[in-house]
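Student: Here you go, this is upload_19.txt (compact mmCIF, C-alpha atoms (C1' of nucleotides)).
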```txt
# COMPACT_ATOMS: atom_id res chain seq x y z
CA MET M 1261 -38.50 -37.08 37.97
CA ALA M 1262 -36.58 -34.35 36.25
CA ASN M 1263 -35.10 -35.59 33.06
CA GLU M 1264 -32.14 -34.21 31.12
CA GLN M 1265 -34.20 -34.76 28.00
CA GLU M 1266 -35.78 -31.58 26.70
CA ASP M 1267 -39.44 -31.04 26.05
CA ARG M 1268 -40.40 -31.77 22.44
CA ARG M 1269 -41.75 -28.24 22.09
CA ILE M 1270 -38.36 -26.84 23.00
CA ILE M 1271 -36.64 -29.08 20.50
CA ARG M 1272 -39.10 -28.04 17.84
CA SER M 1273 -38.69 -24.32 18.57
CA LYS M 1274 -34.91 -24.48 18.57
CA LYS M 1275 -34.88 -26.43 15.35
CA LEU M 1276 -37.15 -23.90 13.65
CA ILE M 1277 -35.00 -21.04 14.91
CA LYS M 1278 -31.79 -22.61 13.71
CA SER M 1279 -33.16 -23.46 10.29
CA ALA M 1280 -34.50 -19.97 9.80
CA PHE M 1281 -31.24 -18.47 10.97
CA ILE M 1282 -29.19 -20.55 8.55
CA GLU M 1283 -31.44 -19.68 5.65
CA LEU M 1284 -31.39 -15.98 6.46
CA ILE M 1285 -27.69 -15.60 7.11
CA ASN M 1286 -26.99 -16.64 3.56
CA GLU M 1287 -29.45 -14.04 2.28
CA LYS M 1288 -28.82 -11.03 4.51
CA GLY M 1289 -25.61 -11.78 6.35
CA PHE M 1290 -25.35 -11.72 10.10
CA GLU M 1291 -25.21 -8.03 10.93
CA SER M 1292 -28.38 -6.87 9.28
CA LEU M 1293 -30.23 -9.89 10.56
CA THR M 1294 -32.71 -9.20 13.37
CA VAL M 1295 -34.43 -11.41 15.87
CA ARG M 1296 -37.70 -10.39 14.27
CA ASP M 1297 -36.48 -11.68 10.90
CA ILE M 1298 -35.60 -14.99 12.42
CA THR M 1299 -38.81 -15.55 14.32
CA LYS M 1300 -40.90 -14.38 11.40
CA LYS M 1301 -39.22 -16.85 9.08
CA ALA M 1302 -39.42 -19.57 11.69
CA ASP M 1303 -43.07 -18.68 12.22
CA ILE M 1304 -42.86 -18.55 15.98
CA ASN M 1305 -43.45 -15.85 18.54
CA ARG M 1306 -40.60 -13.47 19.13
CA GLY M 1307 -40.85 -14.09 22.85
CA THR M 1308 -40.12 -17.74 22.27
CA PHE M 1309 -36.74 -16.83 20.88
CA TYR M 1310 -35.79 -15.05 24.08
CA LEU M 1311 -36.90 -18.09 26.04
CA HIS M 1312 -34.02 -20.06 24.55
CA TYR M 1313 -31.38 -17.55 23.49
CA GLU M 1314 -30.12 -14.30 24.93
CA ASP M 1315 -29.81 -12.68 21.54
CA LYS M 1316 -28.62 -13.44 18.03
CA TYR M 1317 -25.00 -13.53 19.15
CA ASP M 1318 -25.82 -16.22 21.67
CA LEU M 1319 -27.57 -18.23 18.97
CA LEU M 1320 -24.61 -17.91 16.64
CA GLU M 1321 -22.18 -19.00 19.31
CA GLN M 1322 -24.21 -22.06 20.19
CA LEU M 1323 -24.36 -23.08 16.55
CA GLU M 1324 -20.62 -22.54 16.19
CA ASN M 1325 -19.88 -24.68 19.21
CA GLU M 1326 -22.12 -27.45 17.92
CA MET M 1327 -20.23 -27.46 14.63
CA ILE M 1328 -16.86 -27.53 16.36
CA ASP M 1329 -18.09 -30.42 18.50
CA GLU M 1330 -19.30 -32.25 15.42
CA MET M 1331 -15.93 -31.81 13.71
CA ASN M 1332 -14.13 -33.10 16.75
CA ARG M 1333 -16.45 -36.07 16.76
CA LEU M 1334 -15.77 -36.78 13.10
CA VAL M 1335 -12.05 -36.65 13.67
CA LYS M 1336 -12.19 -38.94 16.69
CA GLU M 1337 -14.03 -41.66 14.84
CA ILE M 1338 -11.46 -41.93 12.09
CA ASN M 1339 -10.49 -45.54 11.65
CA PRO M 1340 -6.93 -46.27 12.83
CA LYS M 1341 -6.48 -48.20 9.63
CA GLU M 1342 -7.03 -45.01 7.62
CA ILE M 1343 -4.23 -43.31 9.47
CA ALA M 1344 -2.03 -46.30 8.88
CA ASP M 1345 -2.81 -46.13 5.17
CA PHE M 1346 -1.89 -42.49 5.20
CA ARG M 1347 1.43 -43.21 6.81
CA MET M 1348 2.02 -45.97 4.28
CA GLN M 1349 2.03 -43.20 1.71
CA ASP M 1350 -0.02 -41.61 -0.97
CA GLU M 1351 -3.32 -41.52 0.86
CA PRO M 1352 -4.43 -37.99 1.74
CA LEU M 1353 -4.56 -37.09 5.38
CA PRO M 1354 -7.88 -38.61 6.51
CA PHE M 1355 -8.34 -35.88 9.08
CA ILE M 1356 -8.32 -33.18 6.45
CA VAL M 1357 -10.62 -35.10 4.15
CA LYS M 1358 -13.23 -35.54 6.87
CA ILE M 1359 -13.10 -31.86 7.75
CA LEU M 1360 -13.37 -30.78 4.13
CA GLU M 1361 -16.32 -33.02 3.46
CA TYR M 1362 -18.11 -31.65 6.46
CA ILE M 1363 -17.37 -28.04 5.57
CA GLY M 1364 -18.45 -28.48 2.00
CA SER M 1365 -21.79 -29.91 3.00
CA ASN M 1366 -22.66 -27.27 5.58
CA SER M 1367 -23.83 -23.91 4.34
CA LEU M 1368 -23.43 -22.18 7.68
CA MET M 1369 -19.81 -23.31 7.89
CA LYS M 1370 -19.26 -22.05 4.37
CA PHE M 1371 -20.65 -18.67 5.26
CA LEU M 1372 -18.69 -18.31 8.49
CA LEU M 1373 -15.43 -19.29 6.85
CA GLY M 1374 -16.00 -16.91 3.95
CA SER M 1375 -14.85 -13.35 3.48
CA LYS M 1376 -17.95 -12.00 5.22
CA GLY M 1377 -17.66 -14.63 7.86
CA HIS M 1378 -16.84 -14.63 11.53
CA SER M 1379 -13.28 -14.08 12.66
CA SER M 1380 -13.61 -15.72 16.03
CA PHE M 1381 -15.14 -18.82 14.51
CA GLN M 1382 -12.29 -19.02 12.03
CA MET M 1383 -9.95 -18.94 15.02
CA LYS M 1384 -11.76 -21.89 16.54
CA VAL M 1385 -11.38 -23.86 13.33
CA LYS M 1386 -7.68 -23.02 13.20
CA GLU M 1387 -7.35 -24.21 16.77
CA LEU M 1388 -8.98 -27.48 15.85
CA MET M 1389 -6.57 -27.93 12.96
CA LYS M 1390 -3.59 -27.15 15.14
CA THR M 1391 -4.42 -30.02 17.44
CA ASN M 1392 -4.81 -32.45 14.58
CA VAL M 1393 -2.04 -31.71 12.13
CA LEU M 1394 0.43 -34.51 11.92
CA LEU M 1395 3.99 -33.34 12.07
CA LYS M 1396 6.72 -35.11 10.24
CA ARG M 1397 10.34 -35.14 11.11
CA ARG M 1398 13.32 -33.77 9.33
CA GLU M 1399 16.66 -32.44 10.43
CA GLU M 1400 17.28 -28.90 9.41
CA LYS M 1401 18.64 -25.46 9.84
CA MET M 1402 17.08 -22.80 12.00
CA ALA M 1403 15.03 -23.64 15.04
CA ILE M 1404 11.58 -22.30 14.37
CA PRO M 1405 9.41 -21.73 17.46
CA ILE M 1406 6.83 -24.48 17.55
CA ASP M 1407 3.94 -22.13 18.25
CA TYR M 1408 4.76 -20.02 15.22
CA LEU M 1409 5.03 -23.15 13.17
CA MET M 1410 1.56 -24.23 14.24
CA ALA M 1411 0.12 -20.80 13.58
CA TYR M 1412 1.71 -20.88 10.16
CA ILE M 1413 0.38 -24.30 9.24
CA SER M 1414 -3.14 -23.96 10.56
CA SER M 1415 -3.62 -20.57 8.95
CA ALA M 1416 -2.24 -21.83 5.68
CA HIS M 1417 -4.66 -24.73 5.73
CA LEU M 1418 -7.61 -22.53 6.56
CA GLY M 1419 -6.58 -20.20 3.75
CA VAL M 1420 -6.59 -23.06 1.28
CA ILE M 1421 -10.02 -24.11 2.48
CA GLN M 1422 -11.32 -20.58 2.03
CA HIS M 1423 -9.86 -20.43 -1.45
CA TRP M 1424 -11.47 -23.75 -2.24
CA LEU M 1425 -14.84 -22.45 -1.06
CA ASP M 1426 -14.43 -19.14 -2.91
CA GLY M 1427 -13.89 -21.09 -6.10
CA GLY M 1428 -17.11 -23.02 -5.62
CA GLN M 1429 -15.68 -26.33 -4.44
CA LYS M 1430 -14.53 -27.32 -7.90
CA GLU M 1431 -12.14 -29.90 -6.51
CA ALA M 1432 -13.01 -32.92 -4.43
CA PRO M 1433 -12.04 -32.84 -0.75
CA LYS M 1434 -9.55 -35.57 -1.44
CA ASP M 1435 -7.73 -33.45 -4.02
CA ILE M 1436 -7.49 -30.50 -1.66
CA ALA M 1437 -6.16 -32.81 1.00
CA LYS M 1438 -3.53 -34.00 -1.45
CA ILE M 1439 -2.47 -30.46 -2.20
CA LEU M 1440 -2.18 -29.71 1.50
CA LEU M 1441 -0.20 -32.84 2.05
CA GLU M 1442 2.11 -32.07 -0.82
CA MET M 1443 2.78 -28.58 0.49
CA SER M 1444 3.32 -29.95 3.97
CA LEU M 1445 5.92 -32.42 2.83
CA PHE M 1446 8.04 -29.66 1.39
CA GLY M 1447 6.99 -27.21 4.00
CA PRO M 1448 8.39 -26.21 7.35
CA PHE M 1449 6.22 -28.71 9.21
CA SER M 1450 8.26 -31.48 7.69
CA SER M 1451 11.03 -30.13 9.87
CA ALA M 1452 12.16 -31.35 13.26
CA GLY M 1453 14.26 -28.42 14.35
CA PHE M 1454 11.66 -27.10 16.72
CA LYS M 1455 12.21 -24.82 19.59
CA GLU M 1456 9.97 -25.37 22.57
CA ARG M 1457 8.98 -22.20 24.37
CA MET E 1144 -13.98 27.79 -8.46
CA ALA E 1145 -14.67 24.38 -6.97
CA ASN E 1146 -11.58 23.02 -5.36
CA GLU E 1147 -10.77 19.40 -4.68
CA GLN E 1148 -9.45 20.54 -1.34
CA GLU E 1149 -11.90 19.94 1.47
CA ASP E 1150 -13.16 22.54 3.86
CA ARG E 1151 -11.15 22.66 7.07
CA ARG E 1152 -14.32 22.04 9.04
CA ILE E 1153 -14.88 18.79 7.17
CA ILE E 1154 -11.34 17.68 7.79
CA ARG E 1155 -11.71 18.48 11.47
CA SER E 1156 -15.01 16.61 11.79
CA LYS E 1157 -13.73 13.54 10.02
CA LYS E 1158 -10.61 13.49 12.12
CA LEU E 1159 -12.64 13.71 15.33
CA ILE E 1160 -14.93 10.94 14.17
CA LYS E 1161 -12.07 8.64 13.23
CA SER E 1162 -10.22 9.20 16.47
CA ALA E 1163 -13.31 8.54 18.53
CA PHE E 1164 -14.08 5.45 16.49
CA ILE E 1165 -10.60 4.01 16.97
CA GLU E 1166 -10.69 4.64 20.70
CA LEU E 1167 -14.11 3.09 21.08
CA ILE E 1168 -13.60 0.02 18.96
CA ASN E 1169 -10.88 -1.11 21.32
CA GLU E 1170 -13.20 -0.63 24.27
CA LYS E 1171 -16.53 -1.94 23.02
CA GLY E 1172 -15.79 -3.74 19.79
CA PHE E 1173 -17.49 -2.89 16.53
CA GLU E 1174 -20.90 -4.51 16.85
CA SER E 1175 -22.07 -2.90 20.04
CA LEU E 1176 -20.71 0.44 18.91
CA THR E 1177 -23.35 2.99 17.90
CA VAL E 1178 -23.21 6.19 15.92
CA ARG E 1179 -24.33 7.97 19.08
CA ASP E 1180 -21.33 6.60 20.97
CA ILE E 1181 -18.99 7.85 18.30
CA THR E 1182 -20.39 11.36 18.02
CA LYS E 1183 -20.66 11.70 21.77
CA LYS E 1184 -17.02 10.78 22.20
CA ALA E 1185 -16.02 12.99 19.29
CA ASP E 1186 -18.13 15.76 20.81
CA ILE E 1187 -19.91 16.62 17.60
CA ASN E 1188 -23.52 16.57 16.53
CA ARG E 1189 -24.90 13.25 15.42
CA GLY E 1190 -26.18 14.84 12.25
CA THR E 1191 -22.64 15.79 11.33
CA PHE E 1192 -21.72 12.13 11.21
CA TYR E 1193 -24.39 11.45 8.61
CA LEU E 1194 -23.10 14.37 6.60
CA HIS E 1195 -19.90 12.43 5.93
CA TYR E 1196 -20.68 8.76 6.34
CA GLU E 1197 -23.67 6.60 5.52
CA ASP E 1198 -23.35 4.57 8.71
CA LYS E 1199 -20.73 2.94 10.88
CA TYR E 1200 -20.06 0.30 8.25
CA ASP E 1201 -19.23 2.97 5.73
CA LEU E 1202 -16.85 4.58 8.20
CA LEU E 1203 -15.13 1.29 8.88
CA GLU E 1204 -14.70 0.56 5.21
CA GLN E 1205 -13.19 3.94 4.50
CA LEU E 1206 -10.70 3.49 7.33
CA GLU E 1207 -9.83 0.04 6.07
CA ASN E 1208 -9.21 1.30 2.57
CA GLU E 1209 -7.01 4.07 3.88
CA MET E 1210 -4.89 1.56 5.75
CA ILE E 1211 -4.59 -0.70 2.75
CA ASP E 1212 -3.54 2.30 0.65
CA GLU E 1213 -0.99 3.26 3.25
CA MET E 1214 0.47 -0.23 3.27
CA ASN E 1215 0.71 -0.25 -0.49
CA ARG E 1216 2.46 3.10 -0.31
CA LEU E 1217 4.94 1.78 2.24
CA VAL E 1218 5.73 -1.21 0.09
CA LYS E 1219 6.20 0.86 -3.04
CA GLU E 1220 8.74 3.15 -1.45
CA ILE E 1221 11.02 0.32 -0.41
CA ASN E 1222 14.52 1.10 -1.56
CA PRO E 1223 15.70 -1.17 -4.39
CA LYS E 1224 18.90 -1.57 -2.47
CA GLU E 1225 17.01 -3.20 0.40
CA ILE E 1226 15.62 -5.79 -1.94
CA ALA E 1227 19.07 -6.39 -3.33
CA ASP E 1228 20.37 -6.91 0.19
CA PHE E 1229 17.63 -9.39 0.79
CA ARG E 1230 18.52 -11.34 -2.28
CA MET E 1231 22.15 -11.24 -1.25
CA GLN E 1232 21.04 -13.37 1.70
CA ASP E 1233 20.26 -13.21 5.36
CA GLU E 1234 18.36 -9.95 5.37
CA PRO E 1235 14.69 -10.45 6.14
CA LEU E 1236 12.22 -9.66 3.43
CA PRO E 1237 11.95 -5.85 3.57
CA PHE E 1238 8.35 -6.01 2.43
CA ILE E 1239 7.32 -8.06 5.42
CA VAL E 1240 9.27 -5.92 7.84
CA LYS E 1241 7.56 -2.75 6.64
CA ILE E 1242 4.15 -4.32 6.94
CA LEU E 1243 4.82 -5.67 10.40
CA GLU E 1244 6.10 -2.35 11.67
CA TYR E 1245 3.01 -0.63 10.40
CA ILE E 1246 0.65 -3.20 11.86
CA GLY E 1247 2.35 -3.15 15.23
CA SER E 1248 2.03 0.60 15.50
CA ASN E 1249 -1.62 0.84 14.50
CA SER E 1250 -4.22 -0.12 17.08
CA LEU E 1251 -7.07 -0.29 14.60
CA MET E 1252 -5.11 -2.71 12.43
CA LYS E 1253 -4.38 -4.79 15.48
CA PHE E 1254 -8.02 -4.96 16.38
CA LEU E 1255 -9.21 -5.81 12.88
CA LEU E 1256 -6.63 -8.56 12.48
CA GLY E 1257 -7.46 -10.06 15.86
CA SER E 1258 -9.85 -12.83 16.76
CA LYS E 1259 -12.72 -10.37 17.16
CA GLY E 1260 -11.65 -8.59 14.01
CA HIS E 1261 -13.09 -8.21 10.57
CA SER E 1262 -12.96 -11.12 8.15
CA SER E 1263 -13.25 -9.10 5.01
CA PHE E 1264 -10.45 -6.79 6.05
CA GLN E 1265 -8.27 -9.78 6.75
CA MET E 1266 -8.98 -10.90 3.22
CA LYS E 1267 -7.80 -7.57 1.89
CA VAL E 1268 -4.56 -7.89 3.83
CA LYS E 1269 -4.05 -11.40 2.49
CA GLU E 1270 -4.60 -10.07 -1.00
CA LEU E 1271 -1.96 -7.45 -0.45
CA MET E 1272 0.48 -10.08 0.73
CA LYS E 1273 -0.25 -12.30 -2.24
CA THR E 1274 0.82 -9.60 -4.64
CA ASN E 1275 4.06 -8.98 -2.79
CA VAL E 1276 5.41 -12.35 -1.80
CA LEU E 1277 8.61 -13.16 -3.60
CA LEU E 1278 8.64 -16.63 -5.03
CA LYS E 1279 11.81 -18.62 -5.30
CA ARG E 1280 12.48 -21.40 -7.71
CA ARG E 1281 13.07 -25.06 -7.23
CA GLU E 1282 12.45 -28.11 -9.33
CA GLU E 1283 10.17 -30.59 -7.74
CA LYS E 1284 7.53 -33.23 -7.69
CA MET E 1285 3.86 -32.50 -7.93
CA ALA E 1286 2.53 -29.47 -9.74
CA ILE E 1287 0.68 -27.41 -7.18
CA PRO E 1288 -1.87 -24.96 -8.60
CA ILE E 1289 -0.42 -21.49 -8.27
CA ASP E 1290 -3.59 -19.99 -6.83
CA TYR E 1291 -3.69 -22.56 -4.07
CA LEU E 1292 -0.05 -21.92 -3.40
CA MET E 1293 -0.69 -18.21 -3.01
CA ALA E 1294 -3.69 -18.81 -0.78
CA TYR E 1295 -1.55 -21.09 1.31
CA ILE E 1296 1.30 -18.65 1.70
CA SER E 1297 -0.65 -15.51 2.32
CA SER E 1298 -2.88 -17.16 4.90
CA ALA E 1299 0.09 -18.67 6.62
CA HIS E 1300 1.73 -15.28 6.84
CA LEU E 1301 -1.38 -13.62 8.16
CA GLY E 1302 -1.70 -16.41 10.72
CA VAL E 1303 1.83 -15.77 11.94
CA ILE E 1304 1.08 -12.07 12.23
CA GLN E 1305 -2.05 -12.79 14.24
CA HIS E 1306 -0.12 -15.10 16.52
CA TRP E 1307 2.51 -12.42 16.96
CA LEU E 1308 -0.14 -9.89 17.92
CA ASP E 1309 -1.92 -12.32 20.24
CA GLY E 1310 1.35 -12.81 22.08
CA GLY E 1311 1.75 -9.09 22.62
CA GLN E 1312 4.39 -8.36 19.99
CA LYS E 1313 7.18 -9.87 22.05
CA GLU E 1314 9.41 -10.24 19.02
CA ALA E 1315 10.69 -7.48 16.78
CA PRO E 1316 9.21 -7.25 13.29
CA LYS E 1317 12.58 -8.26 11.91
CA ASP E 1318 12.54 -11.51 13.84
CA ILE E 1319 9.08 -12.40 12.63
CA ALA E 1320 10.17 -11.64 9.11
CA LYS E 1321 13.10 -13.99 9.58
CA ILE E 1322 10.83 -16.75 10.77
CA LEU E 1323 8.60 -16.26 7.76
CA LEU E 1324 11.55 -16.25 5.45
CA GLU E 1325 12.96 -19.39 7.02
CA MET E 1326 9.66 -21.20 6.64
CA SER E 1327 9.37 -20.00 3.08
CA LEU E 1328 12.76 -21.32 2.09
CA PHE E 1329 11.79 -24.79 3.12
CA GLY E 1330 8.21 -24.33 2.16
CA PRO E 1331 6.23 -24.97 -0.97
CA PHE E 1332 6.77 -21.44 -2.26
CA SER E 1333 10.40 -22.28 -2.79
CA SER E 1334 9.11 -24.54 -5.51
CA ALA E 1335 8.89 -23.91 -9.22
CA GLY E 1336 6.61 -26.72 -10.21
CA PHE E 1337 3.61 -24.47 -10.61
CA LYS E 1338 0.57 -25.19 -12.60
CA GLU E 1339 -1.04 -22.19 -14.23
CA ARG E 1340 -4.79 -22.36 -14.32
C1' DT C 1436 -56.40 -41.02 29.89
C1' DA C 1437 -56.56 -37.38 33.15
C1' DA C 1438 -54.06 -33.80 35.83
C1' DG C 1439 -50.44 -31.05 36.57
C1' DA C 1440 -46.49 -28.90 34.58
C1' DT C 1441 -44.60 -26.03 31.33
C1' DA C 1442 -43.82 -24.06 26.67
C1' DT C 1443 -45.98 -20.90 23.42
C1' DT C 1444 -48.67 -17.15 22.16
C1' DG C 1445 -50.30 -12.34 21.61
C1' DA C 1446 -50.34 -7.90 23.16
C1' DA C 1447 -48.40 -4.27 25.29
C1' DC C 1448 -44.50 -1.61 27.30
C1' DA C 1449 -40.41 1.48 27.92
C1' DA C 1450 -36.00 2.28 26.25
C1' DT C 1451 -32.93 3.02 22.61
C1' DA C 1452 -30.89 3.65 17.84
C1' DT C 1453 -31.62 5.04 13.28
C1' DG C 1454 -31.84 8.20 9.45
C1' DT C 1455 -33.89 12.49 8.00
C1' DT C 1456 -35.54 17.32 7.96
C1' DG C 1457 -35.76 22.45 8.64
C1' DA C 1458 -34.29 26.52 10.70
C1' DT C 1459 -30.45 28.78 12.90
C1' DT C 1460 -25.72 29.73 13.87
C1' DA C 1461 -20.85 29.59 12.97
C1' DA C 1462 -16.75 29.05 10.25
C1' DT C 1463 -14.49 29.27 5.92
C1' DA C 1464 -12.88 30.73 1.26
C1' DA C 1465 -12.16 34.08 -2.15
C1' DT X 1366 -16.33 41.77 3.40
C1' DT X 1367 -19.59 38.66 1.61
C1' DA X 1368 -21.37 34.61 -0.26
C1' DT X 1369 -20.98 29.84 0.65
C1' DT X 1370 -21.42 25.95 3.25
C1' DA X 1371 -20.57 23.15 7.39
C1' DA X 1372 -22.22 22.36 12.06
C1' DT X 1373 -25.77 22.59 15.38
C1' DC X 1374 -30.18 21.86 17.70
C1' DA X 1375 -34.65 20.06 18.02
C1' DA X 1376 -37.90 17.23 16.42
C1' DC X 1377 -39.82 13.39 13.81
C1' DA X 1378 -41.34 8.71 12.22
C1' DT X 1379 -39.72 4.18 12.19
C1' DA X 1380 -37.69 0.05 13.93
C1' DT X 1381 -35.54 -3.19 17.21
C1' DT X 1382 -34.88 -4.73 21.61
C1' DG X 1383 -35.82 -7.16 25.84
C1' DT X 1384 -39.42 -7.84 29.21
C1' DT X 1385 -43.98 -8.84 31.29
C1' DC X 1386 -48.71 -10.60 31.67
C1' DA X 1387 -52.62 -13.49 31.16
C1' DA X 1388 -54.52 -16.90 28.19
C1' DT X 1389 -53.88 -21.01 25.59
C1' DA X 1390 -51.78 -25.13 23.78
C1' DT X 1391 -48.92 -29.01 24.29
C1' DC X 1392 -46.32 -32.33 26.69
C1' DT X 1393 -45.09 -35.65 30.52
C1' DT X 1394 -46.06 -39.01 33.68
C1' DA X 1395 -48.60 -41.23 37.07
```
Could the structure of this file be written out as structure tokens, please?
Tutor:
Amino acid sequence: MANEQEDRRIIRSKKLIKSAFIELINEKGFESLTVRDITKKADINRGTFYLHYEDKYDLLEQLENEMIDEMNRLVKEINPKEIADFRMQDEPLPFIVKILEYIGSNSLMKFLLGSKGHSSFQMKVKELMKTNVLLKRREEKMAIPIDYLMAYISSAHLGVIQHWLDGGQKEAPKDIAKILLEMSLFGPFSSAGFKER
Amino acid sequence: MANEQEDRRIIRSKKLIKSAFIELINEKGFESLTVRDITKKADINRGTFYLHYEDKYDLLEQLENEMIDEMNRLVKEINPKEIADFRMQDEPLPFIVKILEYIGSNSLMKFLLGSKGHSSFQMKVKELMKTNVLLKRREEKMAIPIDYLMAYISSAHLGVIQHWLDGGQKEAPKDIAKILLEMSLFGPFSSAGFKER
DNA sequence: TAAGATATTGAACAATATGTTGATTAATAA
DNA sequence: TTATTAATCAACATATTGTTCAATATCTTA
């Protein structure tokens, strides 16, 4: 009976490929990296690579999607109590903390979010942040289009994360989350004068 | 006597190469683009390309630097009166308007800032924005590190620009500048509680 | 545990891009 | 006009890519 479960050899090969890829991307970057490099480092036949991936772009995309999935999973399993604590004041946004911890512990994420990283992946991360930012209310002046507001916030947050990474993660995720929260409270997202479009 | 002025043939070749490159990058993207493609489109010998550029990465970088220089030039020639008008209220930040107009009229810029664009170029643009954002004062709560503040602002602005481009430049540069200004006024950058580091 | 299924290997292949060279031709500058 | 130098053309070695084949190794499951 055909099983969804993959053959152990496949799992092994993919794991070796991914590990080699992650090691190499931090050494050579993505562009100059070849399939030969990867399979040589992984110590497998080059043909095996093409058995599982179309090319290096396909491999990168699969890894990116796995990381996005993992981040979504992390966010979903946040304890409701944590969110309550946050709303009760002074606790950093638990969503941001989880994301920061994950990013900081994942070298591929760090590379892709960096200045030599991957634009389209950065977009995916921004998208993820957009759907998870908590908006607060306020009554205010001009009606800012909600989509521009979200673009503003998510980019700002990603920018702070990049700056944090560039500086070598000197601060704890919690401290960064506090900074983001602080800026949010005085920022436009604390507004309620939104304009739906 | 050796003149700094370049031979007209060199100027012509470089111009043909750049034009071909800009046309092609919007069709095929940067990665799949080859030197052959470029010289074929430019209708010059492939060897001529290597006479002026190391490879396609070198070409891209030179174009990027030229655009950054041009933006700096645009910003520098802003009339002092315009800035005064801005401070007098209700005029959008002239700096932002100039930048947006330039971006909107330059297809290479639009590509590089887009989701399939070039991370490191986006960093350069952020850097440019950092050095030109006008900070306003306020007295407030927590001391936010100035570098994080700048990272926050410049990324937010770039994110708004990207969103504007993604939407097909429906709004005029002036309107986007107004949105940015509005968000700034209620944002963290209207603060003065900075912490130098 | 044995048998059948299937993933991996190694070698070879054509096709393509790269970066360089040398001789020739054409355009430019003074 | 003439000396300089850029552009061209052809050719080259080198490297990567993506594919195929038969042989081998490993896994699944009955």
Student: Check every residue of chain E for an atom within 12 Å of chain C, counting only C-alpha atoms (C1' of nucleotides), and provide those that qualify as JSON, numbers by chain.
Tutor: {"E": [1144, 1145, 1146, 1148, 1149, 1150, 1151, 1152, 1153, 1155, 1175, 1176, 1177, 1178, 1179, 1180, 1189, 1190, 1192, 1193, 1194, 1196, 1197, 1198, 1199]}
Student: For chain E, which of X:DT1366, X:DT1384, X:DT1394, X:DT1373 is the closest residue, counting all atoms listed in the file?
Tutor: X:DT1373
Student: For atom CA of M:Phe1281 and atom CA of M:His1378, quote the distance in Å rounded to one decimal.
Tutor: 14.9 Å
Student: In Å, with one decimal, what is the gap from atom CA of E:Ser1298 to atom CA of E:Ala1315?
Tutor: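 Interatomic distance, atom CA of E:Ser1298 to atom CA of E:Ala1315: 20.5 Å.
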Student: From the set M:Lys1370, M:Lys1376, M:Arg1333, M:Lys1300, which residue has the shortest atom-to-atom contact distance to chain E, counting all atoms listed in the file?
Tutor: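 Comparing M:Lys1370, M:Lys1376, M:Arg1333, M:Lys1300 against chain E, the winner is M:Lys1376.
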Student: Which residues of chain X come within 9 Å of chain E, and for each one, what is the closest pair of atoms and their distance in Å to one decimal, counting all atoms listed in the file, sorted by chain and residue number, as JSON lines?
Tutor:
```
{"residue": "X:DT1370", "atom": "C1'", "partner": "E:Asp1150", "partner_atom": "CA", "distance": 9.0}
{"residue": "X:DA1371", "atom": "C1'", "partner": "E:Arg1152", "partner_atom": "CA", "distance": 6.6}
{"residue": "X:DA1372", "atom": "C1'", "partner": "E:Thr1191", "partner_atom": "CA", "distance": 6.6}
{"residue": "X:DT1373", "atom": "C1'", "partner": "E:Asn1188", "partner_atom": "CA", "distance": 6.5}
{"residue": "X:DC1374", "atom": "C1'", "partner": "E:Asn1188", "partner_atom": "CA", "distance": 8.6}
```
Student: Grab the atom CA of E:Gln1205 to atom CA of M:Phe1290 distance for me, in Å with one decimal place.
Tutor: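 Pair atom CA of E:Gln1205 / atom CA of M:Phe1290 returns 20.6 Å.
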Student: Could you make a table, as CSV, of the residues of chain M that have an atom within 8 Å of an atom of chain E, each with its nearest atom pair and distance in Å to one decimal, counting only C-alpha atoms, in chain and number order?
Tutor:
```
residue,atom,partner,partner_atom,distance
M:Gly1374,CA,E:Ser1262,CA,7.8
M:Ser1375,CA,E:Ser1263,CA,4.8
M:Lys1376,CA,E:Ser1263,CA,5.5
M:Gly1377,CA,E:Ser1262,CA,5.9
M:His1378,CA,E:Ser1262,CA,6.2
M:Ser1379,CA,E:Ser1262,CA,5.4
M:Ser1380,CA,E:Ser1258,CA,4.8
M:Met1383,CA,E:Ser1258,CA,6.4
M:Met1402,CA,E:Glu1325,CA,7.3
M:Ile1404,CA,E:Ile1322,CA,6.7
M:Tyr1408,CA,E:Val1303,CA,6.1
M:Ala1411,CA,E:Gly1302,CA,5.5
M:Tyr1412,CA,E:Ala1299,CA,4.5
M:Ile1413,CA,E:Ala1299,CA,6.2
M:Ser1414,CA,E:Ala1299,CA,7.3
M:Ser1415,CA,E:Ala1299,CA,4.8
M:Ala1416,CA,E:Ala1299,CA,4.0
M:His1417,CA,E:Tyr1295,CA,6.5
M:Leu1418,CA,E:Ser1298,CA,7.3
M:Gly1419,CA,E:Ser1298,CA,4.9
M:Val1420,CA,E:Tyr1295,CA,5.4
M:His1423,CA,E:Ala1294,CA,6.4
M:Ile1439,CA,E:Ile1287,CA,6.6
M:Glu1442,CA,E:Met1285,CA,7.3
M:Met1443,CA,E:Pro1331,CA,5.2
M:Ser1444,CA,E:Pro1331,CA,7.6
M:Phe1446,CA,E:Gly1330,CA,5.4
M:Gly1447,CA,E:Gly1330,CA,3.6
M:Pro1448,CA,E:Met1326,CA,5.2
```
Student: Could you pull the residues within 12 Å of E:Asn1249, counting all atoms listed in the file, minus those fewer than 2 positions along the same chain, as a PyMOL selection string?
Tutor: chain E and resi 1165-1166+1169+1206-1207+1210+1213-1214+1242-1247+1251-1256+1308
Student: With only C-alpha atoms as the atoms that count, which of E:Ile1160, E:Ile1154, E:Ile1211, E:Ile1221 lies nearest to E:Pro1237?
Tutor: E:Ile1221
